[in-house]
Amino acid sequence: MTAMTRLGKLTLDAPFFQAGLAGYSDTAMRLVARRHGCPFCVTEALLDQFLIQGGKGLKSAELDDGDHPIAGQLMGSHPADIAAGAKVLLGLGYDVIDVNLACPVKKIKKKSRGGHLMSAPDEAVAILDAVIQAVGDRVPCTVKLRRGSDDSAEALGNFHRIFQAVIDLGYAGAVVHGRSVEQKYLGPSNWDFLRALTDRYGGAAGFTIGGSGDIWRAQDIFRMIDETGVDFVSVARGCIGNPWVFTQARAIMAGDDSAADAPPTIFQQRDVLLEHFKLSVSLHGEQLASRLMRKFGIRFSRHHPRGEQVKQAFISVVGLPGWRGVLDRFYGEDGPGVGGDLALPEEAEPLTCE
């Protein structure tokens, strides 16, 4: 199976990528994903004001040499400011500029940005126009959006007005999450909506349509492509603590079904945990990395045959000695890992933004 995907002048050798995930998809997570076969990554949403003002916000947007190709995802409320933020990302060497019209978090809505803009099409189009004018043809521009603010006819009309503007303005592509902004992460992603979307807009020359929502296993990537007709697939919460989803997706492309179904062994899990922790320490320092890695350890625990015990152990980790203690206790002997459905129950979904 070959599945080249184009975003303007950028070509990807596989039809999937790691989404931007607030609080998760930093440089460390992205590099781990790339080493497991992810061809393209998106940053978590970067507020235009933080980029413009400099300081920690600008520092956090700096790129590692191995972290390419990559999209810098922008979020903002005012056309002039988000255009200025786009120029900052260009200066930092981003390969794609992505505009976030999808984040459903309440505090984002109060600031009139992210998913809120799905109910304000005039504002959304003005922001999209400002970004494409600022970037020009230097790198491709893309958009992340949801299928609407809610399930009303008005919301559907607003969606199509914004989506048509994305095409008319010259964006290289768009990724659509099959949930509404109001829905947040509850209930299923509406893949029928994605099917109707590709039927309606799939013929737009040079325009790439991506899909998002309910991608938990490598098989889901190709099922979404088959069922909806999207060109490529965003792997979001399903890749937190699960970089093997990209290795398994590559195996499916190669026709190796056994490798695609094989969960990571305990030693493979240990090696990735150590790698991720080392990268996080280099990025954040040991003290902060120890805290940040708890949430990753909790998600990695789903692959372990003693998952609940491992989860509780990671929750209690304090500092590097505690981290090593969990690895020594639960990852000291090799053995098969746990496969199957890695989706979280709705009540346990993390309060992230993608």
# chains A, B, ... in the order shown; residues from 1 in each chain; ligands from 1
>>> residues_around(residues="Ala130 (chain A)", least_positions_apart="4", cutoff="7 Å", atoms="only C-alpha atoms", output="number ranges by chain")
A: 79-80, 83, 126, 134
>>> select_by_dssp(residues="region 111-281 of chain A", states="strand (DSSP E or B)", output="compact mmCIF listing (two decimals) with N, CA and C atoms, in the first residue's frame")
# COMPACT_ATOMS: atom_id res chain seq x y z
N CYS A 141 -0.42 26.67 4.03
CA CYS A 141 -1.28 26.98 5.17
C CYS A 141 -2.42 25.98 5.23
N THR A 142 -2.76 25.56 6.44
CA THR A 142 -3.86 24.62 6.65
C THR A 142 -4.74 25.12 7.79
N VAL A 143 -5.88 24.46 7.97
CA VAL A 143 -6.84 24.83 9.01
C VAL A 143 -7.31 23.58 9.73
N LYS A 144 -7.46 23.68 11.05
CA LYS A 144 -8.12 22.63 11.84
C LYS A 144 -9.45 23.20 12.31
N LEU A 145 -10.54 22.50 12.02
CA LEU A 145 -11.85 22.96 12.43
C LEU A 145 -12.75 21.79 12.79
N ARG A 146 -13.84 22.09 13.46
CA ARG A 146 -14.84 21.09 13.81
C ARG A 146 -16.02 21.20 12.85
N GLY A 173 -4.97 22.80 2.66
CA GLY A 173 -5.80 21.72 3.15
C GLY A 173 -6.47 22.09 4.45
N ALA A 174 -7.33 21.20 4.90
CA ALA A 174 -8.05 21.38 6.16
C ALA A 174 -8.27 20.02 6.80
N VAL A 175 -8.21 19.99 8.13
CA VAL A 175 -8.52 18.78 8.89
C VAL A 175 -9.80 19.05 9.69
N VAL A 176 -10.78 18.19 9.53
CA VAL A 176 -12.07 18.38 10.17
C VAL A 176 -12.30 17.32 11.23
N HIS A 177 -12.56 17.78 12.45
CA HIS A 177 -12.92 16.89 13.54
C HIS A 177 -14.42 16.60 13.43
N THR A 208 -6.30 19.38 0.10
CA THR A 208 -6.24 18.11 0.81
C THR A 208 -7.17 18.15 2.02
N ILE A 209 -8.00 17.12 2.16
CA ILE A 209 -8.95 17.05 3.27
C ILE A 209 -8.52 15.96 4.24
N GLY A 210 -8.39 16.33 5.49
CA GLY A 210 -8.05 15.37 6.54
C GLY A 210 -9.21 15.17 7.50
N GLY A 211 -9.18 14.05 8.20
CA GLY A 211 -10.23 13.73 9.15
C GLY A 211 -9.67 13.49 10.54
N SER A 212 -10.51 13.70 11.56
CA SER A 212 -10.09 13.54 12.94
C SER A 212 -11.26 13.05 13.77
N PHE A 232 -6.01 12.16 4.42
CA PHE A 232 -5.10 11.76 5.50
C PHE A 232 -5.81 11.92 6.84
N VAL A 233 -5.19 11.37 7.89
CA VAL A 233 -5.88 11.21 9.16
C VAL A 233 -5.04 11.77 10.30
N SER A 234 -5.70 12.52 11.16
CA SER A 234 -5.09 13.06 12.37
C SER A 234 -5.21 12.04 13.50
N VAL A 235 -4.07 11.67 14.08
CA VAL A 235 -4.06 10.78 15.25
C VAL A 235 -3.84 11.66 16.46
>>> closest_atom_pairs(of="region 38-61 of chain A", to="region 86-102 of chain A", cutoff="10 Å", atoms="only C-alpha atoms", output="JSON lines")
{"residue": "A:Phe40", "atom": "CA", "partner": "A:Asp95", "partner_atom": "CA", "distance": 10.0}
{"residue": "A:Cys41", "atom": "CA", "partner": "A:Val96", "partner_atom": "CA", "distance": 10.0}
{"residue": "A:Val42", "atom": "CA", "partner": "A:Asp98", "partner_atom": "CA", "distance": 8.2}
{"residue": "A:Thr43", "atom": "CA", "partner": "A:Asp98", "partner_atom": "CA", "distance": 9.2}
{"residue": "A:Glu44", "atom": "CA", "partner": "A:Asn100", "partner_atom": "CA", "distance": 9.6}
{"residue": "A:Ala45", "atom": "CA", "partner": "A:Asn100", "partner_atom": "CA", "distance": 6.9}
{"residue": "A:Leu46", "atom": "CA", "partner": "A:Asn100", "partner_atom": "CA", "distance": 9.1}
{"residue": "A:Leu47", "atom": "CA", "partner": "A:Asn100", "partner_atom": "CA", "distance": 9.9}
{"residue": "A:Asp48", "atom": "CA", "partner": "A:Ala86", "partner_atom": "CA", "distance": 7.8}
{"residue": "A:Leu51", "atom": "CA", "partner": "A:Val88", "partner_atom": "CA", "distance": 6.7}
{"residue": "A:Ile52", "atom": "CA", "partner": "A:Val88", "partner_atom": "CA", "distance": 7.2}
{"residue": "A:Gly54", "atom": "CA", "partner": "A:Val88", "partner_atom": "CA", "distance": 9.6}
{"residue": "A:Leu58", "atom": "CA", "partner": "A:Val88", "partner_atom": "CA", "distance": 8.5}
{"residue": "A:Ala61", "atom": "CA", "partner": "A:Leu92", "partner_atom": "CA", "distance": 7.8}
>>> write_last_selection(atoms="C-alpha atoms", output="PDB file, in the first residue's frame")
ATOM      1  CA  PHE A  40       4.440  14.831  10.198  1.00  0.00           C
ATOM      2  CA  CYS A  41       3.544  16.565  13.464  1.00  0.00           C
ATOM      3  CA  VAL A  42       1.544  19.578  14.585  1.00  0.00           C
ATOM      4  CA  THR A  43       2.349  21.673  17.646  1.00  0.00           C
ATOM      5  CA  GLU A  44      -0.186  22.281  20.348  1.00  0.00           C
ATOM      6  CA  ALA A  45      -2.052  25.542  19.751  1.00  0.00           C
ATOM      7  CA  LEU A  46       0.267  28.546  20.067  1.00  0.00           C
ATOM      8  CA  LEU A  47      -1.393  31.799  21.120  1.00  0.00           C
ATOM      9  CA  ASP A  48      -0.478  34.649  18.818  1.00  0.00           C
ATOM     10  CA  LEU A  51       4.588  34.578  20.127  1.00  0.00           C
ATOM     11  CA  ILE A  52       4.440  38.317  19.540  1.00  0.00           C
ATOM     12  CA  GLY A  54       8.394  36.859  23.145  1.00  0.00           C
ATOM     13  CA  LEU A  58       8.397  32.270  21.914  1.00  0.00           C
ATOM     14  CA  ALA A  61       7.927  27.450  19.899  1.00  0.00           C
TER      15      ALA A  61
END
>>> select_by_dssp(residues="region 82-196 of chain A", states="alpha helix (DSSP H)", output="JSON, numbers by chain")
{"A": [82, 83, 84, 85, 86, 87, 88, 89, 90, 91, 92, 106, 107, 108, 109, 110, 121, 122, 123, 124, 125, 126, 127, 128, 129, 130, 131, 132, 133, 134, 135, 153, 154, 155, 156, 157, 158, 159, 160, 161, 162, 163, 164, 165, 166, 167, 168, 191, 192, 193, 194, 195, 196]}
>>> write_last_selection(atoms="C-alpha atoms", output="PDB file, in the first residue's frame")
ATOM      1  CA  ILE A  82      -2.574  36.247  14.267  1.00  0.00           C
ATOM      2  CA  ALA A  83      -0.907  37.460  11.064  1.00  0.00           C
ATOM      3  CA  ALA A  84       2.003  38.722  13.159  1.00  0.00           C
ATOM      4  CA  GLY A  85       2.140  35.361  14.921  1.00  0.00           C
ATOM      5  CA  ALA A  86       2.295  33.593  11.554  1.00  0.00           C
ATOM      6  CA  LYS A  87       5.319  35.674  10.594  1.00  0.00           C
ATOM      7  CA  VAL A  88       7.027  34.685  13.851  1.00  0.00           C
ATOM      8  CA  LEU A  89       6.514  31.007  13.021  1.00  0.00           C
ATOM      9  CA  LEU A  90       7.912  31.543   9.541  1.00  0.00           C
ATOM     10  CA  GLY A  91      11.012  33.046  11.107  1.00  0.00           C
ATOM     11  CA  LEU A  92      11.382  30.008  13.354  1.00  0.00           C
ATOM     12  CA  LYS A 106     -14.522  26.940  27.572  1.00  0.00           C
ATOM     13  CA  LYS A 107     -11.724  29.372  28.418  1.00  0.00           C
ATOM     14  CA  ILE A 108     -10.824  29.490  24.723  1.00  0.00           C
ATOM     15  CA  LYS A 109     -14.447  30.300  23.850  1.00  0.00           C
ATOM     16  CA  LYS A 110     -14.458  33.174  26.329  1.00  0.00           C
ATOM     17  CA  PRO A 121     -17.957  33.107  10.261  1.00  0.00           C
ATOM     18  CA  ASP A 122     -17.129  36.740   9.478  1.00  0.00           C
ATOM     19  CA  GLU A 123     -14.455  36.754  12.198  1.00  0.00           C
ATOM     20  CA  ALA A 124     -13.177  33.337  11.141  1.00  0.00           C
ATOM     21  CA  VAL A 125     -12.807  34.316   7.481  1.00  0.00           C
ATOM     22  CA  ALA A 126     -11.062  37.570   8.417  1.00  0.00           C
ATOM     23  CA  ILE A 127      -8.526  35.623  10.476  1.00  0.00           C
ATOM     24  CA  LEU A 128      -7.990  33.074   7.715  1.00  0.00           C
ATOM     25  CA  ASP A 129      -7.467  35.865   5.179  1.00  0.00           C
ATOM     26  CA  ALA A 130      -4.973  37.668   7.418  1.00  0.00           C
ATOM     27  CA  VAL A 131      -2.865  34.527   7.885  1.00  0.00           C
ATOM     28  CA  ILE A 132      -2.714  33.595   4.211  1.00  0.00           C
ATOM     29  CA  GLN A 133      -1.821  37.184   3.315  1.00  0.00           C
ATOM     30  CA  ALA A 134       1.003  37.157   5.864  1.00  0.00           C
ATOM     31  CA  VAL A 135       2.403  33.795   4.760  1.00  0.00           C
ATOM     32  CA  ALA A 153     -28.879  24.222  10.567  1.00  0.00           C
ATOM     33  CA  GLU A 154     -27.288  27.618  11.218  1.00  0.00           C
ATOM     34  CA  ALA A 155     -24.094  25.961  12.463  1.00  0.00           C
ATOM     35  CA  LEU A 156     -23.974  23.786   9.343  1.00  0.00           C
ATOM     36  CA  GLY A 157     -24.349  26.842   7.147  1.00  0.00           C
ATOM     37  CA  ASN A 158     -21.575  28.614   9.036  1.00  0.00           C
ATOM     38  CA  PHE A 159     -19.311  25.591   8.599  1.00  0.00           C
ATOM     39  CA  HIS A 160     -19.751  25.497   4.827  1.00  0.00           C
ATOM     40  CA  ARG A 161     -19.230  29.230   4.530  1.00  0.00           C
ATOM     41  CA  ILE A 162     -15.941  28.962   6.425  1.00  0.00           C
ATOM     42  CA  PHE A 163     -14.831  25.806   4.612  1.00  0.00           C
ATOM     43  CA  GLN A 164     -15.489  27.311   1.189  1.00  0.00           C
ATOM     44  CA  ALA A 165     -13.474  30.359   2.224  1.00  0.00           C
ATOM     45  CA  VAL A 166     -10.582  28.093   3.209  1.00  0.00           C
ATOM     46  CA  ILE A 167     -10.516  26.757  -0.355  1.00  0.00           C
ATOM     47  CA  ASP A 168     -11.089  30.104  -2.043  1.00  0.00           C
ATOM     48  CA  TRP A 191     -17.762  10.062  10.134  1.00  0.00           C
ATOM     49  CA  ASP A 192     -20.871  10.383   7.931  1.00  0.00           C
ATOM     50  CA  PHE A 193     -20.270  14.126   8.023  1.00  0.00           C
ATOM     51  CA  LEU A 194     -16.711  13.548   6.802  1.00  0.00           C
ATOM     52  CA  ARG A 195     -18.031  11.359   3.973  1.00  0.00           C
ATOM     53  CA  ALA A 196     -20.438  14.089   2.886  1.00  0.00           C
TER      54      ALA A 196
END
>>> closest_residue(among="A:Gly66, A:Gly76, A:Gly8, A:Gly229", to="Ala172 (chain A)", atoms="only C-alpha atoms")
A:Gly8
>>> closest_residue(among="A:Phe267, A:Tyr185, A:Tyr24, A:Trp244", to="Cys38 (chain A)", atoms="only C-alpha atoms")
A:Trp244
>>> residues_around(residues="Arg270 (chain A)", least_positions_apart="3", cutoff="9 Å", atoms="only C-alpha atoms", output="JSON, numbers by chain")
{"A": [265, 266, 267, 273, 274, 275, 327, 331, 332]}
>>> write_last_selection(atoms="N, CA and C atoms", output="short mmCIF file (atom, residue, chain, number, x, y, z; two decimals), in the first residue's frame")
data_model
loop_
_atom_site.label_atom_id
_atom_site.label_comp_id
_atom_site.auth_asym_id
_atom_site.auth_seq_id
_atom_site.Cartn_x
_atom_site.Cartn_y
_atom_site.Cartn_z
N THR A 265 6.09 -5.05 23.48
CA THR A 265 6.50 -5.88 24.60
C THR A 265 6.84 -4.98 25.80
N ILE A 266 7.03 -5.61 26.94
CA ILE A 266 7.35 -4.84 28.13
C ILE A 266 8.68 -4.10 27.98
N PHE A 267 9.67 -4.76 27.40
CA PHE A 267 10.95 -4.09 27.18
C PHE A 267 10.83 -2.95 26.17
N LEU A 273 9.63 4.60 27.32
CA LEU A 273 9.47 5.42 28.51
C LEU A 273 10.78 6.11 28.89
N LEU A 274 11.88 5.36 28.82
CA LEU A 274 13.18 5.94 29.13
C LEU A 274 13.56 7.02 28.11
N GLU A 275 13.31 6.72 26.84
CA GLU A 275 13.62 7.69 25.78
C GLU A 275 12.79 8.97 25.96
N LEU A 327 9.99 1.74 36.86
CA LEU A 327 10.54 0.96 35.75
C LEU A 327 11.21 -0.32 36.26
N TYR A 331 8.98 -3.12 34.85
CA TYR A 331 9.51 -3.29 33.50
C TYR A 331 10.86 -3.99 33.50
N GLY A 332 11.17 -4.73 34.57
CA GLY A 332 12.46 -5.40 34.69
C GLY A 332 12.56 -6.71 33.94
#
>>> decode(residues="region 7-100 of chain A", atoms="C-alpha atoms", output="compact mmCIF listing (two decimals), in the first residue's frame")
# COMPACT_ATOMS: atom_id res chain seq x y z
CA LEU A 7 0.04 19.62 1.48
CA GLY A 8 0.84 22.24 -1.11
CA LYS A 9 4.50 21.72 -1.98
CA LEU A 10 5.06 19.41 1.00
CA THR A 11 4.83 15.66 0.37
CA LEU A 12 4.27 13.11 3.13
CA ASP A 13 5.03 9.44 2.60
CA ALA A 14 2.11 8.22 4.72
CA PRO A 15 -1.53 9.34 5.16
CA PHE A 16 -1.46 10.08 8.88
CA PHE A 17 0.15 12.48 11.36
CA GLN A 18 0.33 13.39 15.04
CA ALA A 19 -2.16 16.09 15.97
CA GLY A 20 -1.48 19.04 18.22
CA LEU A 21 -2.55 18.22 21.79
CA ALA A 22 -2.53 20.89 24.48
CA GLY A 23 -0.34 19.87 27.39
CA TYR A 24 1.05 16.82 25.60
CA SER A 25 2.54 17.26 22.12
CA ASP A 26 5.76 19.05 23.02
CA THR A 27 9.09 18.40 21.31
CA ALA A 28 9.72 15.24 23.35
CA MET A 29 6.44 13.59 22.37
CA ARG A 30 6.85 14.61 18.75
CA LEU A 31 10.38 13.20 18.48
CA VAL A 32 9.26 9.89 19.99
CA ALA A 33 6.42 9.73 17.47
CA ARG A 34 8.77 10.42 14.56
CA ARG A 35 11.12 7.65 15.67
CA HIS A 36 8.15 5.29 15.44
CA GLY A 37 7.18 6.24 11.90
CA CYS A 38 5.12 9.41 12.19
CA PRO A 39 5.78 11.47 9.03
CA PHE A 40 4.44 14.83 10.20
CA CYS A 41 3.54 16.57 13.46
CA VAL A 42 1.54 19.58 14.59
CA THR A 43 2.35 21.67 17.65
CA GLU A 44 -0.19 22.28 20.35
CA ALA A 45 -2.05 25.54 19.75
CA LEU A 46 0.27 28.55 20.07
CA LEU A 47 -1.39 31.80 21.12
CA ASP A 48 -0.48 34.65 18.82
CA GLN A 49 0.02 37.01 21.76
CA PHE A 50 2.62 34.75 23.36
CA LEU A 51 4.59 34.58 20.13
CA ILE A 52 4.44 38.32 19.54
CA GLN A 53 5.41 39.23 23.09
CA GLY A 54 8.39 36.86 23.14
CA GLY A 55 9.69 35.34 26.35
CA LYS A 56 8.59 31.83 27.35
CA GLY A 57 5.90 31.65 24.68
CA LEU A 58 8.40 32.27 21.91
CA LYS A 59 10.99 29.99 23.52
CA SER A 60 8.54 27.09 23.65
CA ALA A 61 7.93 27.45 19.90
CA GLU A 62 11.58 26.96 18.95
CA LEU A 63 12.26 23.80 16.97
CA ASP A 64 14.66 20.89 17.28
CA ASP A 65 16.59 20.15 14.08
CA GLY A 66 15.02 16.68 13.91
CA ASP A 67 11.48 17.93 14.34
CA HIS A 68 10.53 18.35 10.66
CA PRO A 69 8.29 18.52 8.76
CA ILE A 70 6.10 20.31 11.26
CA ALA A 71 3.08 22.61 11.37
CA GLY A 72 2.91 25.45 13.85
CA GLN A 73 -0.70 25.71 14.97
CA LEU A 74 -1.86 29.27 15.61
CA MET A 75 -4.79 30.44 17.69
CA GLY A 76 -5.96 34.01 18.14
CA SER A 77 -8.85 36.48 18.09
CA HIS A 78 -7.67 39.39 15.94
CA PRO A 79 -6.52 39.27 12.29
CA ALA A 80 -3.54 41.60 12.72
CA ASP A 81 -2.22 39.73 15.74
CA ILE A 82 -2.57 36.25 14.27
CA ALA A 83 -0.91 37.46 11.06
CA ALA A 84 2.00 38.72 13.16
CA GLY A 85 2.14 35.36 14.92
CA ALA A 86 2.30 33.59 11.55
CA LYS A 87 5.32 35.67 10.59
CA VAL A 88 7.03 34.68 13.85
CA LEU A 89 6.51 31.01 13.02
CA LEU A 90 7.91 31.54 9.54
CA GLY A 91 11.01 33.05 11.11
CA LEU A 92 11.38 30.01 13.35
CA GLY A 93 11.43 27.67 10.35
CA TYR A 94 8.03 25.99 10.45
CA ASP A 95 7.13 23.99 7.34
CA VAL A 96 3.35 24.58 7.57
CA ILE A 97 1.21 27.24 9.27
CA ASP A 98 -2.02 25.83 10.71
CA VAL A 99 -4.95 27.87 12.04
CA ASN A 100 -6.95 26.42 14.94
